[in-house]
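Enquirer: Here you go, one structure.
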Amino acid sequence: MRLVIISGRSGSGKTSALNILEDVGFTCIDNLPASLLSELVTQLKDEPGNNELMLAVGIDARNLVGDLSKIPHMLNDIEDTGVAVDVIFLQARRNDLLRRYSETRRKHPLSSESISLKEAIELEKEMLTPISDISDRAIDTSGLSLHQLRDLIKNTVVPDNRESMSILFESFGFKRGVPSDSDFVFDVRCLPNPYWKLELRTQTGNDPEVIEFLESQVDVASMLADIIGFLTRWIPKFQTNNRSYMTVSIGCTGGQHRSVYLANRLYEHFSQQQPFVKVVHKELSA
C-alpha cells in the first residue's frame with residue numbers, strides 16, 4: 001500500500017494536486033482530520049486486495065492545531081507497518097497567494113473579522129511547520145500553470161520511468177525572492193543586462209533580439225558552459241542515489257531577460273540527454 005500526503009498553504013494548488021493524482025489512479029481524500037489518518041490506513045490496509053492501493057490524503061491548516069504536531073510521529077508509525085509514505089508540500093510566495101485570493105474572492109480558511117488575509121497567511125505558515133519540515137518534496141507553485149503543476153506532480157509521484165530523474169529548470173527574479181523548491185540556484189545578475197538597452201527593456205529572454213544580444217556576450221557563453229559542466233558532472237551522482245527529481249533555478253534581477261535565456265538554453269541542452277526535462281519561467285507566468 002502507498003500513502004501520499006498532500007499538504008501546503010491555502011491557495012497553493014492542493015486541490016488541483018489531489019485531482020491530478022485521482023486521474024492517475026489514486027484514491028483521494030481531502031481535508032481528512034489528522035487524528036483519523038492512522039485509523040483509516042489501518043482499516044484500508046487490512047482489507048483484502050488493498051496491497052497495491054494508492055491513497056492520497058489532503059491535510060492542511062483546517063485541522064485542529066494540536067493534530068498537526070502529531071503528524072511526524074503518526075507517519076513514522078504508519079511506515080513501520082510497511083506502508084510507503086511520501087509527503088508533498090505545496091507553497092507559493094505571499095504576494096502570489098494574496099493575488100490568487102484577490103482574483104478568486106475566496107475567503108482564507110483562517111481569516112476572520114479579527115484576522116486579516118495577510119495575518120492568516122502567516123499564521124497558516126507557522127501551523128504547517130510540522131508537515132513542511134518532514135516533506136519529501138516541497139513544490140513552489142508561484143507562476144505555474146495548471147498544466148505545469150500537473151507535470152510536476154506526476155513526475156514526482158508517479159514518474160513514467162522510475163530509473164530516470166525529472167529535471168526542472170526555472171527562471172526567476174531575485175527581487176521577488178528565491179524559489180523555495182530549488183535544489184541548485186545560479187545567480188546570473190553579474191551578466192550584461194538587456195534591460196539597460198531601451199529597445200530591449202520590454203522584451204524577454206524568449207525574444208530574438210534579446211537572444212541575439214546575450215549570445216554576443218562572452219561572459220554569457222562562459223556562464224552557460226560552466227553551469228552545463230557542473231550539472232553534467234553532478235546529475236548522474238544524484239541519479240545513482242535514487243533521486244527522482246531536481247529543480248535548478250536561474251535568477252537575475254527581474255526574471256525577464258538573462259535568467260529566461262539561460263533556463264531555455266539549459267533546457268535545450270539537457271532535454272537531448274534526459275527523458276523528463278521541463279522549463280518554467282516564474283516571472284513571465286505570474
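Chain labels A, B, ... are given in the sequence in which chains occur in the C-alpha cells; within each chain residues are numbered consecutively from 1, and ligands are likewise numbered from 1 in the order shown.
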Taking 6 positions as the minimum chain separation for residues in the same chain, which residues sit within 8 Å of stretch 6-16 of chain A when counting only C-alpha atoms? Answer as a PDB file with C-alpha atoms, in the first residue's frame.
Expert:
ATOM      1  CA  ASP A  30      -9.323  15.930   1.041  1.00  0.00           C
ATOM      2  CA  ALA A  56      -3.618  10.342  -1.402  1.00  0.00           C
ATOM      3  CA  VAL A  57      -4.774  12.403   1.573  1.00  0.00           C
ATOM      4  CA  GLY A  58      -5.014  16.182   1.773  1.00  0.00           C
ATOM      5  CA  ILE A  59      -4.121  17.570   5.204  1.00  0.00           C
ATOM      6  CA  ASP A  60      -3.920  21.297   5.795  1.00  0.00           C
ATOM      7  CA  ALA A  61      -4.452  24.075   8.326  1.00  0.00           C
ATOM      8  CA  VAL A  87       4.817  13.883   1.834  1.00  0.00           C
ATOM      9  CA  ILE A  88       4.393  16.572  -0.829  1.00  0.00           C
ATOM     10  CA  PHE A  89       4.215  20.150   0.440  1.00  0.00           C
ATOM     11  CA  LEU A  90       2.923  22.913  -1.837  1.00  0.00           C
ATOM     12  CA  GLN A  91       3.694  26.553  -1.212  1.00  0.00           C
ATOM     13  CA  ALA A  92       3.806  29.872  -3.025  1.00  0.00           C
ATOM     14  CA  LEU A  97      -1.215  33.891  -2.533  1.00  0.00           C
ATOM     15  CA  ARG A 100      -4.924  34.476  -6.014  1.00  0.00           C
ATOM     16  CA  TYR A 101      -7.311  35.200  -3.145  1.00  0.00           C
ATOM     17  CA  HIS A 108      -8.905  32.142   3.532  1.00  0.00           C
ATOM     18  CA  PRO A 109      -9.852  29.349   5.983  1.00  0.00           C
ATOM     19  CA  ILE A 121      -1.306  33.519   5.552  1.00  0.00           C
ATOM     20  CA  GLU A 124      -1.005  29.204   8.442  1.00  0.00           C
ATOM     21  CA  LYS A 125       2.704  29.045   7.618  1.00  0.00           C
ATOM     22  CA  LEU A 128       2.004  23.856   8.903  1.00  0.00           C
ATOM     23  CA  ILE A 131       4.439  18.948   7.978  1.00  0.00           C
ATOM     24  CA  SER A 132       6.707  21.177   5.884  1.00  0.00           C
ATOM     25  CA  THR A 141       3.739  26.773  -7.365  1.00  0.00           C
ATOM     26  CA  SER A 142       4.348  30.510  -7.887  1.00  0.00           C
ATOM     27  CA  LEU A 146      -2.200  24.003 -14.102  1.00  0.00           C
TER      28      LEU A 146
END
Enquirer: Got a sec to tell me which of stretch 194-223 of chain A DSSP assigns to alpha helix (DSSP H), as a tab-separated table (two decimals) with N, CA and C atoms, in the first residue's frame?
Expert:
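Result file follows (result07.tsv):
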chain	number	residue	atom	x	y	z
A	208	PRO	N	13.84	37.14	-30.04
A	208	PRO	CA	15.05	37.03	-30.86
A	208	PRO	C	16.07	38.14	-30.61
A	209	GLU	N	15.61	39.39	-30.42
A	209	GLU	CA	16.54	40.50	-30.23
A	209	GLU	C	17.33	40.35	-28.93
A	210	VAL	N	16.66	39.90	-27.87
A	210	VAL	CA	17.34	39.68	-26.59
A	210	VAL	C	18.30	38.51	-26.70
A	211	ILE	N	17.87	37.46	-27.36
A	211	ILE	CA	18.73	36.29	-27.55
A	211	ILE	C	19.99	36.68	-28.31
A	212	GLU	N	19.83	37.47	-29.36
A	212	GLU	CA	20.98	37.91	-30.16
A	212	GLU	C	21.95	38.73	-29.32
A	213	PHE	N	21.39	39.63	-28.49
A	213	PHE	CA	22.25	40.44	-27.63
A	213	PHE	C	23.04	39.57	-26.65
A	214	LEU	N	22.36	38.65	-25.98
A	214	LEU	CA	23.02	37.83	-24.97
A	214	LEU	C	24.03	36.87	-25.60
A	215	GLU	N	23.73	36.37	-26.77
A	215	GLU	CA	24.67	35.44	-27.42
A	215	GLU	C	25.90	36.16	-27.97
A	218	VAL	N	30.51	37.44	-24.32
A	218	VAL	CA	31.41	36.34	-23.97
A	218	VAL	C	31.08	35.77	-22.59
A	219	ASP	N	30.78	36.65	-21.63
A	219	ASP	CA	30.52	36.18	-20.26
A	219	ASP	C	29.27	35.30	-20.19
A	220	VAL	N	28.28	35.59	-21.02
A	220	VAL	CA	27.06	34.78	-21.03
A	220	VAL	C	27.39	33.36	-21.50
A	221	ALA	N	28.17	33.25	-22.55
A	221	ALA	CA	28.57	31.94	-23.05
A	221	ALA	C	29.40	31.18	-22.02
A	222	SER	N	30.27	31.90	-21.32
A	222	SER	CA	31.10	31.26	-20.30
A	222	SER	C	30.26	30.76	-19.13
A	223	MET	N	29.31	31.59	-18.70
A	223	MET	CA	28.42	31.18	-17.61
A	223	MET	C	27.62	29.95	-17.99
Enquirer: Can you measure atom CA of A:Met1 to atom CA of A:Glu39 for me? One decimal in Å is fine.
Expert: 14.5 Å
Enquirer: Out of A:Asp133, A:Pro236, A:Ile29, A:His257, which residue has the shortest atom-to-atom distance to A:Trp196 when counting only C-alpha atoms?
Expert: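 Checking each of A:Asp133, A:Pro236, A:Ile29, A:His257 against A:Trp196, counting only C-alpha atoms, the winner is A:His257.
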Enquirer: Determine, counting only C-alpha atoms, which protein, DNA and RNA residues have an atom within 12 Å of an atom of A:Ile250; residues of the same chain fewer than 2 positions away are not included. Present the result as an MDAnalysis selection string.
Expert: chainID A and resid 168:174 177:179 182:189 223:224 227 247:248 252:267 279:283
Enquirer: Please produce a file of the residues just selected, as a PDB file, in the first residue's frame, where the atoms kept are C-alpha atoms.
Expert:
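Okay, out38.pdb is ready:
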ATOM      1  CA  LEU A 168      13.011  21.296 -13.873  1.00  0.00           C
ATOM      2  CA  PHE A 169      14.816  24.439 -14.989  1.00  0.00           C
ATOM      3  CA  GLU A 170      13.107  27.568 -13.705  1.00  0.00           C
ATOM      4  CA  SER A 171      13.954  31.224 -14.236  1.00  0.00           C
ATOM      5  CA  PHE A 172      13.098  33.727 -11.509  1.00  0.00           C
ATOM      6  CA  GLY A 173      13.750  37.282 -10.343  1.00  0.00           C
ATOM      7  CA  PHE A 174      15.711  37.861  -7.133  1.00  0.00           C
ATOM      8  CA  GLY A 177      12.661  36.008  -3.784  1.00  0.00           C
ATOM      9  CA  VAL A 178      14.401  32.691  -4.420  1.00  0.00           C
ATOM     10  CA  PRO A 179      12.000  29.790  -5.165  1.00  0.00           C
ATOM     11  CA  SER A 182      15.303  24.984  -5.525  1.00  0.00           C
ATOM     12  CA  ASP A 183      17.942  22.267  -5.341  1.00  0.00           C
ATOM     13  CA  PHE A 184      20.545  24.409  -7.106  1.00  0.00           C
ATOM     14  CA  VAL A 185      20.448  28.207  -7.527  1.00  0.00           C
ATOM     15  CA  PHE A 186      22.624  30.010 -10.071  1.00  0.00           C
ATOM     16  CA  ASP A 187      22.868  33.803  -9.763  1.00  0.00           C
ATOM     17  CA  VAL A 188      23.390  35.386 -13.199  1.00  0.00           C
ATOM     18  CA  ARG A 189      22.994  39.030 -12.171  1.00  0.00           C
ATOM     19  CA  MET A 223      28.422  31.181 -17.605  1.00  0.00           C
ATOM     20  CA  LEU A 224      26.282  28.793 -19.657  1.00  0.00           C
ATOM     21  CA  ILE A 227      26.617  25.617 -15.464  1.00  0.00           C
ATOM     22  CA  THR A 247      14.937  21.727  -9.559  1.00  0.00           C
ATOM     23  CA  VAL A 248      17.574  24.077 -10.970  1.00  0.00           C
ATOM     24  CA  CYS A 252      18.547  37.519 -12.478  1.00  0.00           C
ATOM     25  CA  THR A 253      17.200  40.790 -11.103  1.00  0.00           C
ATOM     26  CA  GLY A 254      13.697  40.773 -12.578  1.00  0.00           C
ATOM     27  CA  GLY A 255      13.456  37.301 -14.083  1.00  0.00           C
ATOM     28  CA  GLN A 256      12.731  38.661 -17.558  1.00  0.00           C
ATOM     29  CA  HIS A 257      15.876  38.503 -19.695  1.00  0.00           C
ATOM     30  CA  ARG A 258      19.100  36.756 -18.608  1.00  0.00           C
ATOM     31  CA  SER A 259      17.583  34.033 -16.451  1.00  0.00           C
ATOM     32  CA  VAL A 260      14.931  33.238 -19.075  1.00  0.00           C
ATOM     33  CA  TYR A 261      17.540  32.930 -21.817  1.00  0.00           C
ATOM     34  CA  LEU A 262      19.835  30.677 -19.764  1.00  0.00           C
ATOM     35  CA  ALA A 263      16.996  28.469 -18.489  1.00  0.00           C
ATOM     36  CA  ASN A 264      15.911  27.934 -22.093  1.00  0.00           C
ATOM     37  CA  ARG A 265      19.448  27.045 -23.213  1.00  0.00           C
ATOM     38  CA  LEU A 266      19.851  24.602 -20.319  1.00  0.00           C
ATOM     39  CA  TYR A 267      16.509  23.005 -21.162  1.00  0.00           C
ATOM     40  CA  VAL A 279      11.357  24.633 -18.168  1.00  0.00           C
ATOM     41  CA  VAL A 280       9.260  27.209 -16.294  1.00  0.00           C
ATOM     42  CA  HIS A 281       9.612  30.993 -16.258  1.00  0.00           C
ATOM     43  CA  LYS A 282       8.102  32.078 -12.958  1.00  0.00           C
ATOM     44  CA  GLU A 283       8.003  35.820 -13.567  1.00  0.00           C
TER      45      GLU A 283
END
